[in-house]
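Colleague: Please find work09.cif (mmCIF, C-alpha atoms and all ligand atoms) on the next line:
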```
data_structure
loop_
_atom_site.label_atom_id
_atom_site.label_comp_id
_atom_site.auth_asym_id
_atom_site.auth_seq_id
_atom_site.Cartn_x
_atom_site.Cartn_y
_atom_site.Cartn_z
CA MET A 1 -30.64 -11.23 22.48
CA SER A 2 -33.01 -9.62 20.02
CA GLU A 3 -32.60 -9.93 16.29
CA ILE A 4 -32.70 -7.11 13.76
CA VAL A 5 -33.00 -8.18 10.14
CA PHE A 6 -32.67 -6.04 7.02
CA GLU A 7 -33.95 -7.79 3.90
CA GLN A 8 -32.74 -6.11 0.70
CA VAL A 9 -33.51 -2.68 2.09
CA THR A 10 -33.30 0.34 -0.18
CA HIS A 11 -34.17 3.84 0.92
CA ARG A 12 -34.59 6.93 -1.23
CA TYR A 13 -35.21 10.53 -0.21
CA ASP A 14 -36.80 12.45 -3.08
CA GLY A 15 -35.64 9.84 -5.56
CA GLU A 16 -32.03 9.90 -4.34
CA VAL A 17 -30.82 6.49 -3.14
CA VAL A 18 -29.29 6.81 0.34
CA LEU A 19 -29.32 3.11 1.26
CA SER A 20 -28.95 0.53 -1.43
CA ASP A 21 -29.99 -3.13 -1.15
CA VAL A 22 -28.79 -3.67 2.43
CA SER A 23 -29.23 -7.17 3.86
CA LEU A 24 -28.11 -7.79 7.44
CA ARG A 25 -28.86 -9.98 10.43
CA LEU A 26 -27.83 -8.29 13.67
CA ALA A 27 -27.96 -10.46 16.77
CA GLU A 28 -24.81 -9.35 18.60
CA ARG A 29 -25.05 -7.40 21.82
CA ARG A 30 -23.06 -4.31 20.88
CA ILE A 31 -23.04 -3.21 17.27
CA GLY A 32 -21.22 -0.11 16.08
CA VAL A 33 -22.02 1.78 12.88
CA ILE A 34 -19.33 4.07 11.49
CA GLY A 35 -18.87 5.95 8.22
CA ALA A 36 -18.43 9.38 6.68
CA ASN A 37 -21.00 12.21 6.84
CA GLY A 38 -23.96 11.51 4.61
CA SER A 39 -23.08 7.83 4.10
CA GLY A 40 -26.48 6.63 5.36
CA LYS A 41 -25.83 5.74 9.03
CA SER A 42 -28.70 7.74 10.48
CA THR A 43 -31.08 6.37 7.89
CA LEU A 44 -29.98 2.83 8.78
CA ALA A 45 -30.55 3.54 12.49
CA ARG A 46 -33.95 5.16 11.91
CA LEU A 47 -35.18 2.20 9.89
CA VAL A 48 -34.80 -0.04 12.96
CA ASN A 49 -37.64 1.61 14.86
CA GLY A 50 -39.70 2.87 11.94
CA LEU A 51 -38.75 6.55 12.12
CA VAL A 52 -37.96 5.97 8.45
CA ALA A 53 -39.85 3.41 6.33
CA PRO A 54 -37.91 1.52 3.65
CA THR A 55 -38.68 2.40 0.03
CA ALA A 56 -38.06 -1.26 -0.82
CA GLY A 57 -37.35 -4.37 1.25
CA ARG A 58 -38.24 -5.10 4.87
CA VAL A 59 -36.85 -4.48 8.33
CA LEU A 60 -37.78 -7.02 11.01
CA VAL A 61 -37.26 -6.77 14.76
CA ASP A 62 -37.66 -10.14 16.46
CA GLY A 63 -39.65 -11.24 13.42
CA LEU A 64 -41.97 -8.20 13.47
CA ASP A 65 -42.09 -6.17 10.27
CA VAL A 66 -41.37 -2.60 11.38
CA ALA A 67 -43.63 -1.15 8.68
CA ARG A 68 -46.62 -3.16 9.89
CA HIS A 69 -46.05 -3.39 13.63
CA GLY A 70 -44.60 0.04 14.37
CA ARG A 71 -46.10 0.45 17.79
CA GLU A 72 -44.96 -2.93 19.04
CA VAL A 73 -41.51 -2.44 17.54
CA ARG A 74 -41.12 0.96 19.20
CA ARG A 75 -41.93 -0.65 22.51
CA ARG A 76 -38.93 -2.94 21.96
CA VAL A 77 -36.59 -0.39 20.42
CA GLY A 78 -35.58 2.72 22.38
CA PHE A 79 -34.04 5.51 20.30
CA VAL A 80 -31.53 8.09 21.54
CA PHE A 81 -31.03 11.11 19.27
CA THR A 82 -27.93 13.25 18.81
CA ASN A 83 -29.63 16.24 20.38
CA PRO A 84 -31.41 15.39 23.66
CA ASP A 85 -33.52 18.55 23.32
CA ASN A 86 -35.39 16.66 20.59
CA GLN A 87 -36.64 14.06 23.03
CA ILE A 88 -37.01 15.85 26.35
CA VAL A 89 -40.70 16.68 26.45
CA MET A 90 -41.65 17.44 30.06
CA PRO A 91 -40.77 20.37 32.35
CA THR A 92 -38.83 18.54 35.06
CA VAL A 93 -36.33 15.73 35.02
CA ARG A 94 -38.57 13.35 36.98
CA GLU A 95 -41.65 14.15 34.88
CA ASP A 96 -39.73 13.54 31.70
CA VAL A 97 -38.63 10.06 32.79
CA ALA A 98 -42.13 9.27 34.11
CA PHE A 99 -43.66 10.35 30.78
CA SER A 100 -42.05 7.33 29.09
CA LEU A 101 -44.10 5.02 31.29
CA ARG A 102 -47.50 6.51 30.53
CA ARG A 103 -48.33 3.86 27.93
CA LEU A 104 -47.49 0.94 30.20
CA ARG A 105 -50.32 1.68 32.63
CA LEU A 106 -48.35 0.68 35.71
CA ASP A 107 -49.75 1.42 39.13
CA ALA A 108 -48.45 4.68 40.59
CA ALA A 109 -46.12 3.14 43.19
CA ASP A 110 -44.54 0.80 40.67
CA ALA A 111 -44.06 3.62 38.17
CA ALA A 112 -42.52 5.92 40.81
CA ALA A 113 -40.12 3.18 41.91
CA ARG A 114 -39.01 2.59 38.32
CA VAL A 115 -38.48 6.31 37.75
CA ASP A 116 -36.41 6.57 40.96
CA ARG A 117 -34.23 3.64 39.92
CA ALA A 118 -33.63 5.12 36.47
CA LEU A 119 -32.75 8.54 37.90
CA ASP A 120 -30.43 6.97 40.43
CA ARG A 121 -28.65 4.86 37.86
CA PHE A 122 -27.71 7.89 35.76
CA GLY A 123 -26.76 10.15 38.64
CA LEU A 124 -29.88 12.30 38.19
CA ALA A 125 -31.63 11.66 41.52
CA GLU A 126 -30.54 14.99 43.02
CA LEU A 127 -31.68 16.83 39.89
CA ALA A 128 -35.10 15.16 39.78
CA ASP A 129 -37.12 18.32 40.38
CA ARG A 130 -34.98 20.64 38.25
CA PRO A 131 -36.27 22.06 34.97
CA ALA A 132 -34.97 19.64 32.35
CA HIS A 133 -33.90 22.42 29.98
CA ARG A 134 -31.47 23.76 32.56
CA LEU A 135 -29.34 20.62 32.71
CA SER A 136 -25.91 20.54 31.08
CA GLY A 137 -25.58 18.84 27.70
CA GLY A 138 -24.15 15.70 29.28
CA GLN A 139 -26.86 15.58 31.93
CA LYS A 140 -29.51 16.05 29.25
CA GLN A 141 -28.18 13.13 27.25
CA LEU A 142 -28.20 10.98 30.41
CA LEU A 143 -31.79 12.09 31.01
CA ALA A 144 -32.69 11.06 27.46
CA LEU A 145 -31.09 7.67 28.09
CA ALA A 146 -32.88 7.29 31.45
CA ALA A 147 -36.21 8.16 29.80
CA VAL A 148 -35.59 5.51 27.15
CA LEU A 149 -34.41 2.81 29.56
CA VAL A 150 -37.14 3.25 32.15
CA ALA A 151 -39.51 1.63 29.65
CA GLU A 152 -37.16 -1.39 29.51
CA PRO A 153 -36.69 -1.75 25.75
CA ALA A 154 -34.90 -4.86 24.47
CA ILE A 155 -32.83 -2.80 22.03
CA VAL A 156 -31.31 0.67 22.26
CA VAL A 157 -30.45 2.49 19.03
CA ALA A 158 -28.39 5.64 19.48
CA ASP A 159 -27.54 8.06 16.68
CA GLU A 160 -24.33 9.92 17.54
CA PRO A 161 -25.37 10.53 21.15
CA THR A 162 -22.05 12.13 22.10
CA THR A 163 -21.49 14.43 19.13
CA LEU A 164 -22.70 17.56 20.93
CA LEU A 165 -20.82 16.81 24.18
CA ASP A 166 -17.39 17.86 25.37
CA ALA A 167 -14.78 15.10 25.74
CA ARG A 168 -15.46 14.49 29.43
CA ASN A 169 -19.23 14.21 29.05
CA ALA A 170 -18.85 12.15 25.89
CA GLN A 171 -16.79 9.66 27.87
CA LEU A 172 -19.28 9.60 30.73
CA VAL A 173 -22.24 9.05 28.43
CA GLU A 174 -20.35 6.40 26.48
CA ARG A 175 -19.53 4.53 29.66
CA HIS A 176 -23.23 4.31 30.42
CA PHE A 177 -23.92 3.02 26.92
CA ALA A 178 -21.17 0.42 27.25
CA GLU A 179 -22.73 -0.87 30.47
CA LEU A 180 -26.20 -1.44 29.03
CA ASP A 181 -27.63 -4.96 29.26
CA GLN A 182 -29.72 -4.25 26.18
CA GLN A 183 -28.70 -4.92 22.62
CA LEU A 184 -27.11 -1.68 21.42
CA VAL A 185 -26.77 -0.23 17.95
CA LEU A 186 -24.51 2.81 18.24
CA VAL A 187 -23.89 5.19 15.34
CA THR A 188 -20.76 7.18 16.07
CA HIS A 189 -17.85 9.13 14.63
CA ARG A 190 -15.72 8.28 17.69
CA LEU A 191 -13.87 5.21 16.50
CA GLU A 192 -12.46 4.50 19.96
CA SER A 193 -15.95 4.04 21.35
CA VAL A 194 -16.57 0.88 19.29
CA GLU A 195 -13.21 -0.73 20.11
CA SER A 196 -14.71 -3.31 22.45
CA PHE A 197 -17.91 -3.89 20.46
CA ASP A 198 -18.97 -7.30 19.15
CA ARG A 199 -19.45 -6.16 15.58
CA VAL A 200 -18.88 -2.99 13.61
CA LEU A 201 -20.43 -1.98 10.27
CA VAL A 202 -18.90 0.56 7.93
CA VAL A 203 -21.40 2.47 5.77
CA GLU A 204 -20.25 4.22 2.61
CA GLY A 205 -22.43 5.57 -0.17
CA GLY A 206 -25.51 3.77 1.16
CA ARG A 207 -23.87 0.34 1.28
CA ILE A 208 -22.25 -1.75 4.00
CA VAL A 209 -18.66 -1.83 2.79
CA ALA A 210 -17.13 -3.56 5.82
CA ASP A 211 -18.66 -5.68 8.56
CA GLY A 212 -16.67 -7.51 11.18
CA SER A 213 -14.62 -7.12 14.34
CA PRO A 214 -13.83 -3.57 15.49
CA ALA A 215 -10.21 -3.96 14.33
CA GLU A 216 -11.25 -5.15 10.87
CA ALA A 217 -13.97 -2.55 10.41
CA VAL A 218 -12.02 0.41 11.79
CA GLY A 219 -9.02 -0.65 9.66
CA ALA A 220 -11.23 -0.78 6.57
CA TYR A 221 -12.70 2.63 7.38
CA ARG A 222 -9.27 4.18 7.88
CA ASN A 223 -8.17 2.83 4.47
CA LEU A 224 -11.32 4.24 2.93
CA ILE A 225 -10.80 7.78 4.22
CA ARG A 226 -7.05 7.83 3.61
N1 LIG B 301 -35.15 13.83 5.54
C1 LIG B 301 -34.32 13.83 4.49
N2 LIG B 301 -34.69 14.30 3.29
C2 LIG B 301 -33.87 14.30 2.23
N3 LIG B 301 -32.60 13.81 2.26
C3 LIG B 301 -32.17 13.34 3.42
C4 LIG B 301 -33.00 13.31 4.61
N4 LIG B 301 -32.27 12.76 5.62
C5 LIG B 301 -31.07 12.47 5.10
N5 LIG B 301 -30.99 12.79 3.79
C6 LIG B 301 -29.83 12.56 2.89
O1 LIG B 301 -29.55 11.17 2.90
C7 LIG B 301 -28.14 10.94 2.88
C8 LIG B 301 -27.76 10.06 4.06
O2 LIG B 301 -28.03 10.77 5.27
P1 LIG B 301 -27.82 10.13 6.73
O3 LIG B 301 -28.28 11.16 7.69
O4 LIG B 301 -28.41 8.80 6.77
O5 LIG B 301 -26.23 10.02 6.77
P2 LIG B 301 -25.24 9.85 8.00
O6 LIG B 301 -24.23 8.84 7.58
O7 LIG B 301 -25.97 9.60 9.25
O8 LIG B 301 -24.55 11.28 8.06
P3 LIG B 301 -23.92 12.12 9.31
O9 LIG B 301 -22.71 11.39 9.75
O10 LIG B 301 -23.61 13.43 8.66
O11 LIG B 301 -24.99 12.22 10.35
C9 LIG B 301 -27.48 12.30 2.87
O12 LIG B 301 -27.16 12.61 1.55
C10 LIG B 301 -28.57 13.23 3.40
O13 LIG B 301 -28.42 14.51 2.86
#
```
Represent the supplied structure as structure tokens.

Modeller:
Amino acid sequence: MSEIVFEQVTHRYDGEVVLSDVSLRLAERRIGVIGANGSGKSTLARLVNGLVAPTAGRVLVDGLDVARHGREVRRRVGFVFTNPDNQIVMPTVREDVAFSLRRLRLDAADAAARVDRALDRFGLAELADRPAHRLSGGQKQLLALAAVLVAEPAIVVADEPTTLLDARNAQLVERHFAELDQQLVLVTHRLESVESFDRVLVVEGGRIVADGSPAEAVGAYRNLIR
């Protein structure tokens, strides 16, 4: 398992503190992050792959300082956004998944085989030559996940990947997340989706106010919002 370390991390946007002195060592396989709107969850997630740089403190992924080794860290950390339209970059489904492999310089047959496996795994094989923008919301989120996983990251960070989906698609997408072999950091408002996770963090006002088993953390969060 990989290891994500936050060392006294503070983050400010325009002088406003949104994460305050967070220290964490995350080495569990499935880690949930829950909390109210604006509590700092997305910022926490974005710090892991350098989309956001800490104002103070350090974030390390497998010992690599994210601020100094961004490229290498992003090779290890795949990021899934709330809105898949933000990460689908190529015209067709197959091209979009293949695009993730461009940096790895694989030979063409190897790359094509990896793309086929990724499409197959997420039920996208029959849609491979479709325009990506014409997929349903659920299919788009599965495409985003396929495009992340085809590059075989060690860690997947997902920021509310089911928020824009209807209940059925949210469940389908979540099932795929739950089956990942990778270490997973999942930010979500759906408390039931972290029920079987190894560890759950509750973020409130830029601090980690609870950190433990799903039952402990969800209980603490329910008390907080009551
Ligand atoms: N790019 C930015 N510039 C300025 N302020 C920002 C920026 N991104 C987030 N913030 C502010 O930082 C705080 C924390 O935001 P963050 O997105 O991390 O919260 P969150 O817990 O993920 O919220 P939500 O559940 O609504 O997605 C909020 O007050 C937000 O308005």

Colleague: Put a box with edges along x, y and z around all the listed atoms of range 98-106 of chain A, pad it by 8 Å on each side, then give me its centre and sizes in Å, one decimal, as JSON.

Modeller:
```
{"center_x": -46.2, "center_y": 5.5, "center_z": 31.8, "size_x": 24.3, "size_y": 25.7, "size_z": 23.8}
```

Colleague: Rounded to one decimal place, report the CA of Leu135 in chain A-CA of Asp159 in chain A distance in Å.

Modeller: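 Calculated distance between CA of Leu135 in chain A and CA of Asp159 in chain A is 20.4 Å.
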
Colleague: Write out as a Markdown table the residues of range 101-147 of chain A that have any atom within 12 Å of an atom of range 64-76 of chain A, one row each with the nearest atom pair and its distance in Å to one decimal, counting all atoms listed in the file, sorted by chain and then rising number.

Modeller:
```
| residue | atom | partner | partner_atom | distance |
| --- | --- | --- | --- | --- |
| A:Leu101 | CA | A:Arg75 | CA | 10.7 |
| A:Arg103 | CA | A:Arg75 | CA | 9.5 |
| A:Leu104 | CA | A:Arg75 | CA | 9.6 |
```

Colleague: When distances are computed from only C-alpha atoms and all ligand atoms, which of A:Arg199, A:Arg130, A:His11, A:Arg222 shows the smallest separation from ligand LIG 301 (chain B)?

Modeller: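 So, comparing all the options, the nearest one is A:His11.
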
Colleague: Give the residue list for ligand LIG 301 (chain B) at 7 Å, counting all atoms listed in the file, as an MDAnalysis selection string, sorted by chain and then by residue number.

Modeller: chainID A and resid 13:14 18 35:44

Colleague: Next, dump the selected residues to file, keeping only C-alpha atoms, as a compact mmCIF listing (two decimals), keeping the file's coordinate frame.

Modeller:
```
# COMPACT_ATOMS: atom_id res chain seq x y z
CA TYR A 13 -35.21 10.53 -0.21
CA ASP A 14 -36.80 12.45 -3.08
CA VAL A 18 -29.29 6.81 0.34
CA GLY A 35 -18.87 5.95 8.22
CA ALA A 36 -18.43 9.38 6.68
CA ASN A 37 -21.00 12.21 6.84
CA GLY A 38 -23.96 11.51 4.61
CA SER A 39 -23.08 7.83 4.10
CA GLY A 40 -26.48 6.63 5.36
CA LYS A 41 -25.83 5.74 9.03
CA SER A 42 -28.70 7.74 10.48
CA THR A 43 -31.08 6.37 7.89
CA LEU A 44 -29.98 2.83 8.78
```

Colleague: What gap, in Å, lies between CA of Phe177 in chain A and CA of Arg58 in chain A?

Modeller: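 Those two atoms sit 27.5 Å apart.
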
Colleague: Could N, CA and C atoms be built for range 185-218 of chain A and written out as a PDB file, keeping the file's coordinate frame?

Modeller:
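Final output, saved to result-v5.pdb:
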```pdb
ATOM      1  N   VAL A 185     -27.275  -0.620  19.267  1.00  0.00           N
ATOM      2  CA  VAL A 185     -26.770  -0.230  17.950  1.00  0.00           C
ATOM      3  C   VAL A 185     -26.345   1.225  18.085  1.00  0.00           C
ATOM      4  N   LEU A 186     -25.046   1.471  18.007  1.00  0.00           N
ATOM      5  CA  LEU A 186     -24.510   2.810  18.240  1.00  0.00           C
ATOM      6  C   LEU A 186     -23.885   3.373  16.967  1.00  0.00           C
ATOM      7  N   VAL A 187     -24.473   4.467  16.472  1.00  0.00           N
ATOM      8  CA  VAL A 187     -23.890   5.190  15.340  1.00  0.00           C
ATOM      9  C   VAL A 187     -22.940   6.230  15.928  1.00  0.00           C
ATOM     10  N   THR A 188     -21.708   6.244  15.466  1.00  0.00           N
ATOM     11  CA  THR A 188     -20.760   7.180  16.070  1.00  0.00           C
ATOM     12  C   THR A 188     -19.636   7.544  15.114  1.00  0.00           C
ATOM     13  N   HIS A 189     -19.068   8.739  15.340  1.00  0.00           N
ATOM     14  CA  HIS A 189     -17.850   9.130  14.630  1.00  0.00           C
ATOM     15  C   HIS A 189     -16.627   8.881  15.512  1.00  0.00           C
ATOM     16  N   ARG A 190     -16.857   8.523  16.776  1.00  0.00           N
ATOM     17  CA  ARG A 190     -15.720   8.280  17.690  1.00  0.00           C
ATOM     18  C   ARG A 190     -15.310   6.825  17.566  1.00  0.00           C
ATOM     19  N   LEU A 191     -14.261   6.592  16.795  1.00  0.00           N
ATOM     20  CA  LEU A 191     -13.870   5.210  16.500  1.00  0.00           C
ATOM     21  C   LEU A 191     -13.463   4.457  17.760  1.00  0.00           C
ATOM     22  N   GLU A 192     -12.898   5.186  18.741  1.00  0.00           N
ATOM     23  CA  GLU A 192     -12.460   4.500  19.960  1.00  0.00           C
ATOM     24  C   GLU A 192     -13.644   3.946  20.751  1.00  0.00           C
ATOM     25  N   SER A 193     -14.818   4.501  20.534  1.00  0.00           N
ATOM     26  CA  SER A 193     -15.950   4.040  21.350  1.00  0.00           C
ATOM     27  C   SER A 193     -16.495   2.692  20.882  1.00  0.00           C
ATOM     28  N   VAL A 194     -16.082   2.196  19.724  1.00  0.00           N
ATOM     29  CA  VAL A 194     -16.570   0.880  19.290  1.00  0.00           C
ATOM     30  C   VAL A 194     -15.482  -0.193  19.412  1.00  0.00           C
ATOM     31  N   GLU A 195     -14.348   0.195  20.011  1.00  0.00           N
ATOM     32  CA  GLU A 195     -13.210  -0.730  20.110  1.00  0.00           C
ATOM     33  C   GLU A 195     -13.532  -2.074  20.745  1.00  0.00           C
ATOM     34  N   SER A 196     -14.430  -2.055  21.741  1.00  0.00           N
ATOM     35  CA  SER A 196     -14.710  -3.310  22.450  1.00  0.00           C
ATOM     36  C   SER A 196     -16.033  -3.934  22.003  1.00  0.00           C
ATOM     37  N   PHE A 197     -16.590  -3.404  20.894  1.00  0.00           N
ATOM     38  CA  PHE A 197     -17.910  -3.890  20.460  1.00  0.00           C
ATOM     39  C   PHE A 197     -17.803  -5.288  19.838  1.00  0.00           C
ATOM     40  N   ASP A 198     -18.954  -5.942  19.690  1.00  0.00           N
ATOM     41  CA  ASP A 198     -18.970  -7.300  19.150  1.00  0.00           C
ATOM     42  C   ASP A 198     -18.917  -7.314  17.627  1.00  0.00           C
ATOM     43  N   ARG A 199     -19.389  -6.220  17.047  1.00  0.00           N
ATOM     44  CA  ARG A 199     -19.450  -6.160  15.580  1.00  0.00           C
ATOM     45  C   ARG A 199     -19.527  -4.702  15.162  1.00  0.00           C
ATOM     46  N   VAL A 200     -18.847  -4.373  14.090  1.00  0.00           N
ATOM     47  CA  VAL A 200     -18.880  -2.990  13.610  1.00  0.00           C
ATOM     48  C   VAL A 200     -19.145  -2.996  12.099  1.00  0.00           C
ATOM     49  N   LEU A 201     -20.093  -2.135  11.691  1.00  0.00           N
ATOM     50  CA  LEU A 201     -20.430  -1.980  10.270  1.00  0.00           C
ATOM     51  C   LEU A 201     -19.848  -0.662   9.774  1.00  0.00           C
ATOM     52  N   VAL A 202     -19.339  -0.681   8.560  1.00  0.00           N
ATOM     53  CA  VAL A 202     -18.900   0.560   7.930  1.00  0.00           C
ATOM     54  C   VAL A 202     -19.843   0.865   6.771  1.00  0.00           C
ATOM     55  N   VAL A 203     -20.464   2.069   6.820  1.00  0.00           N
ATOM     56  CA  VAL A 203     -21.400   2.470   5.770  1.00  0.00           C
ATOM     57  C   VAL A 203     -20.699   3.480   4.873  1.00  0.00           C
ATOM     58  N   GLU A 204     -20.842   3.280   3.573  1.00  0.00           N
ATOM     59  CA  GLU A 204     -20.250   4.220   2.610  1.00  0.00           C
ATOM     60  C   GLU A 204     -21.141   4.258   1.375  1.00  0.00           C
ATOM     61  N   GLY A 205     -21.596   5.438   1.023  1.00  0.00           N
ATOM     62  CA  GLY A 205     -22.430   5.570  -0.170  1.00  0.00           C
ATOM     63  C   GLY A 205     -23.668   4.698  -0.142  1.00  0.00           C
ATOM     64  N   GLY A 206     -24.262   4.526   1.050  1.00  0.00           N
ATOM     65  CA  GLY A 206     -25.510   3.770   1.160  1.00  0.00           C
ATOM     66  C   GLY A 206     -25.349   2.262   1.140  1.00  0.00           C
ATOM     67  N   ARG A 207     -24.098   1.797   1.222  1.00  0.00           N
ATOM     68  CA  ARG A 207     -23.870   0.340   1.280  1.00  0.00           C
ATOM     69  C   ARG A 207     -23.008  -0.006   2.491  1.00  0.00           C
ATOM     70  N   ILE A 208     -23.120  -1.258   2.926  1.00  0.00           N
ATOM     71  CA  ILE A 208     -22.250  -1.750   4.000  1.00  0.00           C
ATOM     72  C   ILE A 208     -20.969  -2.233   3.312  1.00  0.00           C
ATOM     73  N   VAL A 209     -19.888  -1.488   3.506  1.00  0.00           N
ATOM     74  CA  VAL A 209     -18.660  -1.830   2.790  1.00  0.00           C
ATOM     75  C   VAL A 209     -17.681  -2.632   3.645  1.00  0.00           C
ATOM     76  N   ALA A 210     -17.919  -2.685   4.953  1.00  0.00           N
ATOM     77  CA  ALA A 210     -17.130  -3.560   5.820  1.00  0.00           C
ATOM     78  C   ALA A 210     -18.008  -3.948   6.998  1.00  0.00           C
ATOM     79  N   ASP A 211     -17.778  -5.136   7.521  1.00  0.00           N
ATOM     80  CA  ASP A 211     -18.660  -5.680   8.560  1.00  0.00           C
ATOM     81  C   ASP A 211     -17.858  -6.769   9.261  1.00  0.00           C
ATOM     82  N   GLY A 212     -17.466  -6.493  10.493  1.00  0.00           N
ATOM     83  CA  GLY A 212     -16.670  -7.510  11.180  1.00  0.00           C
ATOM     84  C   GLY A 212     -16.274  -7.063  12.561  1.00  0.00           C
ATOM     85  N   SER A 213     -15.104  -7.507  13.013  1.00  0.00           N
ATOM     86  CA  SER A 213     -14.620  -7.120  14.340  1.00  0.00           C
ATOM     87  C   SER A 213     -14.278  -5.636  14.300  1.00  0.00           C
ATOM     88  N   PRO A 214     -14.200  -4.978  15.475  1.00  0.00           N
ATOM     89  CA  PRO A 214     -13.830  -3.570  15.490  1.00  0.00           C
ATOM     90  C   PRO A 214     -12.508  -3.323  14.749  1.00  0.00           C
ATOM     91  N   ALA A 215     -11.522  -4.184  14.972  1.00  0.00           N
ATOM     92  CA  ALA A 215     -10.210  -3.960  14.330  1.00  0.00           C
ATOM     93  C   ALA A 215     -10.347  -4.023  12.819  1.00  0.00           C
ATOM     94  N   GLU A 216     -11.070  -5.023  12.324  1.00  0.00           N
ATOM     95  CA  GLU A 216     -11.250  -5.150  10.870  1.00  0.00           C
ATOM     96  C   GLU A 216     -11.994  -3.945  10.303  1.00  0.00           C
ATOM     97  N   ALA A 217     -13.115  -3.609  10.959  1.00  0.00           N
ATOM     98  CA  ALA A 217     -13.970  -2.550  10.410  1.00  0.00           C
ATOM     99  C   ALA A 217     -13.296  -1.187  10.498  1.00  0.00           C
ATOM    100  N   VAL A 218     -12.683  -0.893  11.635  1.00  0.00           N
ATOM    101  CA  VAL A 218     -12.020   0.410  11.790  1.00  0.00           C
ATOM    102  C   VAL A 218     -10.839   0.499  10.812  1.00  0.00           C
TER     103      VAL A 218
END
```
